[in-house]
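The structure appears below as structure tokens.
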Amino acid sequence: MTQRSETLSDISSADISSAPSPPLRHDGPHDLECLIQRTLQARPGLRFANLKVHQCPQGICLEGLLEANDDGVDLIELVNEIAGVQVINHVVMRSKSPK
């Protein structure tokens with residue numbers, strides 16, 4: 001299975017709150033992973049150094065490093081809101097240091 005990774009500069013800063021709900025069916029084998037990755041990376045206050053999203057038998061697996069303004073970020077809940085799938089969270093989180 002191929003893993004894809006993007007940085008914040010690779011995507012547009014679209015307002016995801018007004019985005020339509022994702023369809024239950026996806027055309028390509030990696031459409032769901034890409035949807036989750038782009039939506040998480042576009043979320044204000046979250047900055048991923050290296051986010052990998054891939055499907056596994058249990059659902060979706062997240063890997064990477066996250067800097068967040070809010071220590072109470074629940075990635076599992078966010079992914080459930082995006083795609084309604086079970087999540088295995090292997091993301092390391094650290095607080096954003098003030099500049």
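Residues are referred to by chain and number: the chain letter is A, B, ... according to the order shown in the structure tokens, the number counts from 1 in that chain, and ligands are numbered separately from 1 in the order shown.
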Within 8 Å of Gln37 in chain A using only C-alpha atoms, minus same-chain residues under 2 positions, as a VMD selection string: chain A and resid 33 to 35 39 to 41 51 to 53
Restrict the selected residues to N, CA and C atoms and save them as a short mmCIF file (atom, residue, chain, number, x, y, z; two decimals), in the first residue's frame.
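Generated file (again.cif):
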data_model
loop_
_atom_site.label_atom_id
_atom_site.label_comp_id
_atom_site.auth_asym_id
_atom_site.auth_seq_id
_atom_site.Cartn_x
_atom_site.Cartn_y
_atom_site.Cartn_z
N GLU A 33 -8.03 8.16 2.24
CA GLU A 33 -6.82 8.60 2.93
C GLU A 33 -6.48 10.05 2.59
N CYS A 34 -6.60 10.38 1.31
CA CYS A 34 -6.30 11.75 0.86
C CYS A 34 -7.28 12.75 1.47
N LEU A 35 -8.55 12.40 1.51
CA LEU A 35 -9.56 13.28 2.11
C LEU A 35 -9.24 13.55 3.57
N THR A 39 -7.95 17.25 4.96
CA THR A 39 -8.84 17.92 5.91
C THR A 39 -8.14 18.19 7.23
N LEU A 40 -7.38 17.23 7.73
CA LEU A 40 -6.63 17.45 8.97
C LEU A 40 -5.57 18.53 8.79
N GLN A 41 -4.87 18.51 7.67
CA GLN A 41 -3.82 19.49 7.44
C GLN A 41 -4.36 20.90 7.24
N LEU A 51 2.57 13.79 8.13
CA LEU A 51 1.35 13.03 8.37
C LEU A 51 1.20 11.94 7.32
N LYS A 52 1.06 10.71 7.79
CA LYS A 52 0.78 9.59 6.90
C LYS A 52 -0.57 9.01 7.31
N VAL A 53 -1.41 8.77 6.33
CA VAL A 53 -2.73 8.20 6.55
C VAL A 53 -2.84 6.99 5.65
#
Excluding Asp70 in chain A and any residue of its chain fewer than 2 positions from it, enumerate the residues within 12 Å of it, using only C-alpha atoms, and give them as a list in words. Pro44, Gly45, Leu46, Arg47, Leu66, Glu67, Ala68, Gly72, Val73, Asp74, Leu75, Met93, Arg94, Ser95, Lys96 and Ser97 of chain A
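Taking only C-alpha atoms into account, Glu81 in chain A lies nearest to A:Ile36 out of the set A:Phe48, A:Glu63, A:Asp31, A:Ile36.
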Could you check the closest approach to Val85 in chain A for each of A:Asn50, A:Ala42, A:Gln55, A:Ile60 and tell me which residue wins, using only C-alpha atoms?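 Distance minimum relative to Val85 in chain A lands on A:Ile60.
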Please run DSSP on the backbone and report, as a list in words, all residues within range 37-85 of chain A that come out as helix (DSSP H, G or I).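 Of range 37-85 of chain A, the ones in helix (DSSP H, G or I) are Gln37, Arg38, Thr39, Leu40, Gln41, Ala42, Leu75, Ile76, Glu77, Leu78, Val79, Asn80, Glu81, Ile82 and Ala83 of chain A.
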Go ahead and save the residues from that selection, with C-alpha atoms, as a PDB file, in the first residue's frame.
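Result file is result.pdb:
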ATOM      1  CA  GLN A  37      -5.061  13.917   5.264  1.00  0.00           C
ATOM      2  CA  ARG A  38      -6.037  17.129   3.479  1.00  0.00           C
ATOM      3  CA  THR A  39      -8.844  17.920   5.912  1.00  0.00           C
ATOM      4  CA  LEU A  40      -6.634  17.446   8.970  1.00  0.00           C
ATOM      5  CA  GLN A  41      -3.818  19.493   7.444  1.00  0.00           C
ATOM      6  CA  ALA A  42      -6.188  22.343   6.580  1.00  0.00           C
ATOM      7  CA  LEU A  75      -7.575  13.272  16.258  1.00  0.00           C
ATOM      8  CA  ILE A  76      -9.753  10.183  16.547  1.00  0.00           C
ATOM      9  CA  GLU A  77     -12.853  12.347  16.975  1.00  0.00           C
ATOM     10  CA  LEU A  78     -11.811  14.616  14.088  1.00  0.00           C
ATOM     11  CA  VAL A  79     -11.326  11.678  11.724  1.00  0.00           C
ATOM     12  CA  ASN A  80     -14.664  10.208  12.796  1.00  0.00           C
ATOM     13  CA  GLU A  81     -16.316  13.536  11.908  1.00  0.00           C
ATOM     14  CA  ILE A  82     -14.584  13.518   8.513  1.00  0.00           C
ATOM     15  CA  ALA A  83     -15.123   9.925   7.465  1.00  0.00           C
TER      16      ALA A  83
END
